[in-house]
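Have a look at the structure below, then the notes.
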Amino acid sequence: MLSSYAEQYFEIVRGQQERLFKEQGDMIHKIAVEICDAFHAGHNIFTFGPGHAGMFAEELFYRAGGLAFTNPLFHPGLLTSVRPITMSSDLELVPKFPAVFVDDSPMKEGDILLLHSVAGSTPIAIETALRAKEKGVKVFALICMDYATKLKPVIPGEPMRYDACDAYIDTCGVFGDACVKMSSDASVPAVGPTSSILAAMIGNLLTVEVCSILLSDSQELPVFKSGHVDGGTEYNLKLLEKYKDHIFYM
């Protein structure tokens with residue numbers, strides 16, 4: 001039987017998901033409309049997150065039930081596969097690095113960037129958003145406002161990411177990300193992070209909402225099938241070919 005701490009974690013995550021669904025639903029719908037409008041106008045959709053926040057980008061591309069035209073932006077130094085892993089944390093703090101990173105990407109005016117960074121106080125989060133906007137890209141952020149509003153930007157004078165983007169979705173997580181306290185001693189860290197779960201939920205809610213809008217317009221759903229079901233691989237290859245002008249991960 002699971003411990004009371006595990007039960008506490010489950011209940012906290014469930015509560016955060018319910019709050020997110022109720023409080024952020026309107027914004028999720030508005031951003032889904034923006035995604036559909038951009039796609040219909042011939043523009044492209046990108047996702048990005050540094051470190052573990054990058055799981056959001058991984059969740060939304062080339063997978064069963066996912067939109068074919070969602071493109072992740074990866075930089076090898078910002079992935080959790082980099083060694084030493086501390087390099088990813090160091091790169092997040094390097095000023096002006098995001099300008100190089102964004103300029104190396106295929107993003108252009110009219111495109112959309114979905115950017116996840118839990119607190120949004122580091123240069124990688126703030127400057128990625130600002131540089132993308134300079135290129136004419138619409139930037140929509142996923143950010144934990146309970147976290148972000150209690151911090152200052154790493155570089156004094158920079159805006160926080162919620163001020164550097166066009167709109168944001170509050171992930172409804174908690175300060176510090178981990179949510180289960182196992183000791184009354186304040187020096188003992190909490191366990192049970194929630195940001196990856198909440199960001200994945202937001203990403204998939206956006207996907208479902210985009211498909212709902214496309215369906216209401218009698219549009220084909222550009223969604224992958226599982227490669228493990230009969231005909232799935234063949235179906236997906238046709239999808240990749242059909243939307244190749246909007247795909248940059250092949």
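Ordered as shown in the structure tokens, chains take letters A, B, and onward, while each chain numbers its residues from 1 and ligands are numbered from 1 in the order shown.
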Residues within 9 Å of stretch 147-157 of chain A, please, as a PyMOL selection string. Count only C-alpha atoms; anything in the same chain fewer than 5 positions from it doesn't count. chain A and resi 93+95+118-123+126+162+173-177
Write out as a ChimeraX atom specification the residues lying within 12 Å of A:Gly110, counting only C-alpha atoms and excluding same-chain residues fewer than 4 positions away. /A:34-35,37-46,106,132-139
Can you pull out every residue within 6 Å of A:Leu78, counting only C-alpha atoms, but drop anything in the same chain fewer than 3 positions away, and send it as a PyMOL selection string? chain A and resi 50-51+75+88
Would you compute the distance between atom CA of A:Ser81 and atom CA of A:Ser195? Give it in Å to one decimal.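 Interatomic distance here is 18.8 Å.
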Nearest to A:Gly192 by atom-to-atom distance, counting only C-alpha atoms, from A:Met1, A:Ile12, A:Leu214, A:Leu239: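 With only C-alpha atoms as the atom set, the closest residue is A:Ile12.
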Counting only C-alpha atoms, what is within 12 Å of A:Phe97, bar same-chain residues fewer than 3 positions away, as a ChimeraX atom specification? /A:75,77-78,90-94,100-104,122-128,131
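Residues surrounding A:Gln24 within 10 Å are A:Glu18, A:Arg19, A:Leu20, A:Ile28, A:His29, A:Tyr168, A:Ile169, A:Asp170, A:Thr171, A:Cys172, A:Ile202 [only C-alpha atoms; sequence separation below 4 positions excluded].
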Just want the 9 Å neighbourhood of A:Phe248, counted on only C-alpha atoms, with same-chain residues fewer than 3 positions away dropped. Output as a list in words. Phe69, Thr70, Asn71, Pro72, Pro106, Lys244 and Asp245 of chain A
Just write the chosen residues, N, CA and C atoms, as a PDB file, in the first residue's frame.
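Saved as part_32.pdb:
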```pdb
ATOM      1  N   PHE A  69       2.140  19.055 -37.155  1.00  0.00           N
ATOM      2  CA  PHE A  69       2.847  20.296 -37.469  1.00  0.00           C
ATOM      3  C   PHE A  69       3.413  21.011 -36.240  1.00  0.00           C
ATOM      4  N   THR A  70       3.505  20.338 -35.096  1.00  0.00           N
ATOM      5  CA  THR A  70       4.113  20.933 -33.913  1.00  0.00           C
ATOM      6  C   THR A  70       5.605  20.614 -33.897  1.00  0.00           C
ATOM      7  N   ASN A  71       6.436  21.645 -33.882  1.00  0.00           N
ATOM      8  CA  ASN A  71       7.886  21.476 -34.001  1.00  0.00           C
ATOM      9  C   ASN A  71       8.600  21.809 -32.697  1.00  0.00           C
ATOM     10  N   PRO A  72       9.393  20.875 -32.158  1.00  0.00           N
ATOM     11  CA  PRO A  72      10.183  21.195 -30.969  1.00  0.00           C
ATOM     12  C   PRO A  72      11.451  21.944 -31.354  1.00  0.00           C
ATOM     13  N   PRO A 106      14.275  27.880 -37.420  1.00  0.00           N
ATOM     14  CA  PRO A 106      13.536  28.294 -38.622  1.00  0.00           C
ATOM     15  C   PRO A 106      12.347  29.197 -38.338  1.00  0.00           C
ATOM     16  N   LYS A 244       4.805  18.428 -44.904  1.00  0.00           N
ATOM     17  CA  LYS A 244       6.262  18.578 -44.876  1.00  0.00           C
ATOM     18  C   LYS A 244       6.711  20.037 -44.863  1.00  0.00           C
ATOM     19  N   ASP A 245       5.909  20.931 -45.431  1.00  0.00           N
ATOM     20  CA  ASP A 245       6.300  22.340 -45.441  1.00  0.00           C
ATOM     21  C   ASP A 245       6.169  23.002 -44.075  1.00  0.00           C
TER      22      ASP A 245
END
```
Picked from stretch 44-173 of chain A by DSSP as helix (DSSP H, G or I), as a ChimeraX atom specification: /A:51-59,76-78,86-92,97-103,123-134,145-148,161-164
Store the residues of this selection in a file with N, CA and C atoms, as a tab-separated table (two decimals), in the first residue's frame.
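result-v1.tsv, freshly written:
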```tsv
chain	number	residue	atom	x	y	z
A	51	GLY	N	15.98	22.37	-20.13
A	51	GLY	CA	16.07	21.37	-19.07
A	51	GLY	C	14.83	20.50	-19.00
A	52	HIS	N	14.35	20.25	-17.79
A	52	HIS	CA	13.16	19.42	-17.62
A	52	HIS	C	11.91	20.07	-18.20
A	53	ALA	N	11.92	21.40	-18.32
A	53	ALA	CA	10.79	22.08	-18.96
A	53	ALA	C	10.67	21.67	-20.42
A	54	GLY	N	11.78	21.15	-20.98
A	54	GLY	CA	11.76	20.68	-22.36
A	54	GLY	C	10.92	19.44	-22.58
A	55	MET	N	10.52	18.77	-21.49
A	55	MET	CA	9.62	17.62	-21.64
A	55	MET	C	8.31	18.05	-22.29
A	56	PHE	N	7.95	19.31	-22.07
A	56	PHE	CA	6.76	19.87	-22.72
A	56	PHE	C	6.91	19.82	-24.23
A	57	ALA	N	8.07	20.22	-24.74
A	57	ALA	CA	8.32	20.20	-26.18
A	57	ALA	C	8.34	18.77	-26.71
A	58	GLU	N	8.94	17.86	-25.95
A	58	GLU	CA	9.00	16.46	-26.37
A	58	GLU	C	7.61	15.82	-26.41
A	59	GLU	N	6.77	16.21	-25.48
A	59	GLU	CA	5.43	15.63	-25.38
A	59	GLU	C	4.57	15.91	-26.61
A	76	PRO	N	21.35	21.04	-27.94
A	76	PRO	CA	21.96	19.94	-27.19
A	76	PRO	C	22.42	20.30	-25.79
A	77	GLY	N	22.83	21.56	-25.60
A	77	GLY	CA	23.29	21.97	-24.28
A	77	GLY	C	22.19	22.19	-23.27
A	78	LEU	N	20.94	22.23	-23.75
A	78	LEU	CA	19.81	22.50	-22.87
A	78	LEU	C	18.96	21.26	-22.59
A	86	THR	N	24.89	19.59	-15.23
A	86	THR	CA	24.95	20.96	-14.71
A	86	THR	C	25.19	21.98	-15.82
A	87	MET	N	25.69	21.50	-16.97
A	87	MET	CA	25.90	22.42	-18.09
A	87	MET	C	24.59	23.07	-18.53
A	88	SER	N	23.50	22.31	-18.47
A	88	SER	CA	22.22	22.86	-18.90
A	88	SER	C	21.80	24.03	-18.01
A	89	SER	N	22.05	23.89	-16.71
A	89	SER	CA	21.73	24.98	-15.77
A	89	SER	C	22.62	26.19	-16.03
A	90	ASP	N	23.89	25.93	-16.33
A	90	ASP	CA	24.81	27.03	-16.60
A	90	ASP	C	24.40	27.80	-17.86
A	91	LEU	N	24.02	27.07	-18.91
A	91	LEU	CA	23.65	27.73	-20.17
A	91	LEU	C	22.37	28.56	-20.03
A	92	GLU	N	21.50	28.15	-19.14
A	92	GLU	CA	20.27	28.92	-18.92
A	92	GLU	C	20.55	30.32	-18.41
A	97	PHE	N	22.77	34.30	-25.07
A	97	PHE	CA	22.77	32.98	-25.71
A	97	PHE	C	21.45	32.71	-26.44
A	98	PRO	N	20.31	33.07	-25.87
A	98	PRO	CA	19.04	32.82	-26.57
A	98	PRO	C	18.95	33.48	-27.94
A	99	ALA	N	19.60	34.64	-28.12
A	99	ALA	CA	19.55	35.30	-29.43
A	99	ALA	C	20.17	34.41	-30.50
A	100	VAL	N	21.30	33.80	-30.17
A	100	VAL	CA	21.95	32.88	-31.11
A	100	VAL	C	21.06	31.67	-31.35
A	101	PHE	N	20.50	31.15	-30.28
A	101	PHE	CA	19.67	29.95	-30.35
A	101	PHE	C	18.42	30.19	-31.20
A	102	VAL	N	17.75	31.29	-30.97
A	102	VAL	CA	16.53	31.60	-31.72
A	102	VAL	C	16.86	31.91	-33.19
A	103	ASP	N	17.93	32.64	-33.43
A	103	ASP	CA	18.29	32.98	-34.80
A	103	ASP	C	18.71	31.76	-35.60
A	123	PRO	N	17.73	34.16	-18.04
A	123	PRO	CA	17.92	34.71	-19.38
A	123	PRO	C	17.39	33.80	-20.48
A	124	ILE	N	17.53	32.49	-20.32
A	124	ILE	CA	17.08	31.59	-21.38
A	124	ILE	C	15.58	31.73	-21.62
A	125	ALA	N	14.82	31.97	-20.56
A	125	ALA	CA	13.37	32.12	-20.71
A	125	ALA	C	13.00	33.50	-21.23
A	126	ILE	N	13.53	34.52	-20.57
A	126	ILE	CA	13.17	35.89	-20.90
A	126	ILE	C	13.67	36.29	-22.28
A	127	GLU	N	14.94	36.02	-22.55
A	127	GLU	CA	15.54	36.49	-23.80
A	127	GLU	C	15.09	35.66	-25.00
A	128	THR	N	14.73	34.39	-24.78
A	128	THR	CA	14.15	33.61	-25.87
A	128	THR	C	12.83	34.23	-26.31
A	129	ALA	N	12.01	34.60	-25.32
A	129	ALA	CA	10.73	35.23	-25.63
A	129	ALA	C	10.93	36.56	-26.35
A	130	LEU	N	11.83	37.38	-25.83
A	130	LEU	CA	12.06	38.70	-26.42
A	130	LEU	C	12.63	38.61	-27.83
A	131	ARG	N	13.58	37.71	-28.04
A	131	ARG	CA	14.19	37.58	-29.36
A	131	ARG	C	13.17	37.05	-30.37
A	132	ALA	N	12.36	36.09	-29.96
A	132	ALA	CA	11.33	35.57	-30.86
A	132	ALA	C	10.35	36.67	-31.25
A	133	LYS	N	9.97	37.51	-30.30
A	133	LYS	CA	9.06	38.60	-30.59
A	133	LYS	C	9.69	39.62	-31.55
A	134	GLU	N	11.00	39.82	-31.42
A	134	GLU	CA	11.68	40.72	-32.36
A	134	GLU	C	11.60	40.20	-33.79
A	145	MET	N	2.79	30.95	-11.89
A	145	MET	CA	2.74	32.32	-11.38
A	145	MET	C	3.04	32.39	-9.88
A	146	ASP	N	2.71	31.34	-9.14
A	146	ASP	CA	3.05	31.33	-7.72
A	146	ASP	C	4.55	31.36	-7.53
A	147	TYR	N	5.26	30.79	-8.47
A	147	TYR	CA	6.72	30.77	-8.48
A	147	TYR	C	7.26	32.11	-8.99
A	148	ALA	N	6.80	32.48	-10.18
A	148	ALA	CA	7.37	33.64	-10.88
A	148	ALA	C	7.17	34.95	-10.13
A	161	ARG	N	9.31	36.77	-17.56
A	161	ARG	CA	8.83	36.21	-18.81
A	161	ARG	C	7.34	36.47	-19.02
A	162	TYR	N	6.57	36.57	-17.94
A	162	TYR	CA	5.15	36.84	-18.13
A	162	TYR	C	4.91	38.24	-18.69
A	163	ASP	N	5.91	39.12	-18.57
A	163	ASP	CA	5.83	40.45	-19.18
A	163	ASP	C	6.47	40.47	-20.57
A	164	ALA	N	7.22	39.42	-20.91
A	164	ALA	CA	7.96	39.39	-22.16
A	164	ALA	C	7.23	38.62	-23.26
```
Here is a test: counting only C-alpha atoms, which residue of A:Gly49, A:Gly15, A:Pro189, A:Gly65 is nearest to A:Gly227? A:Gly65
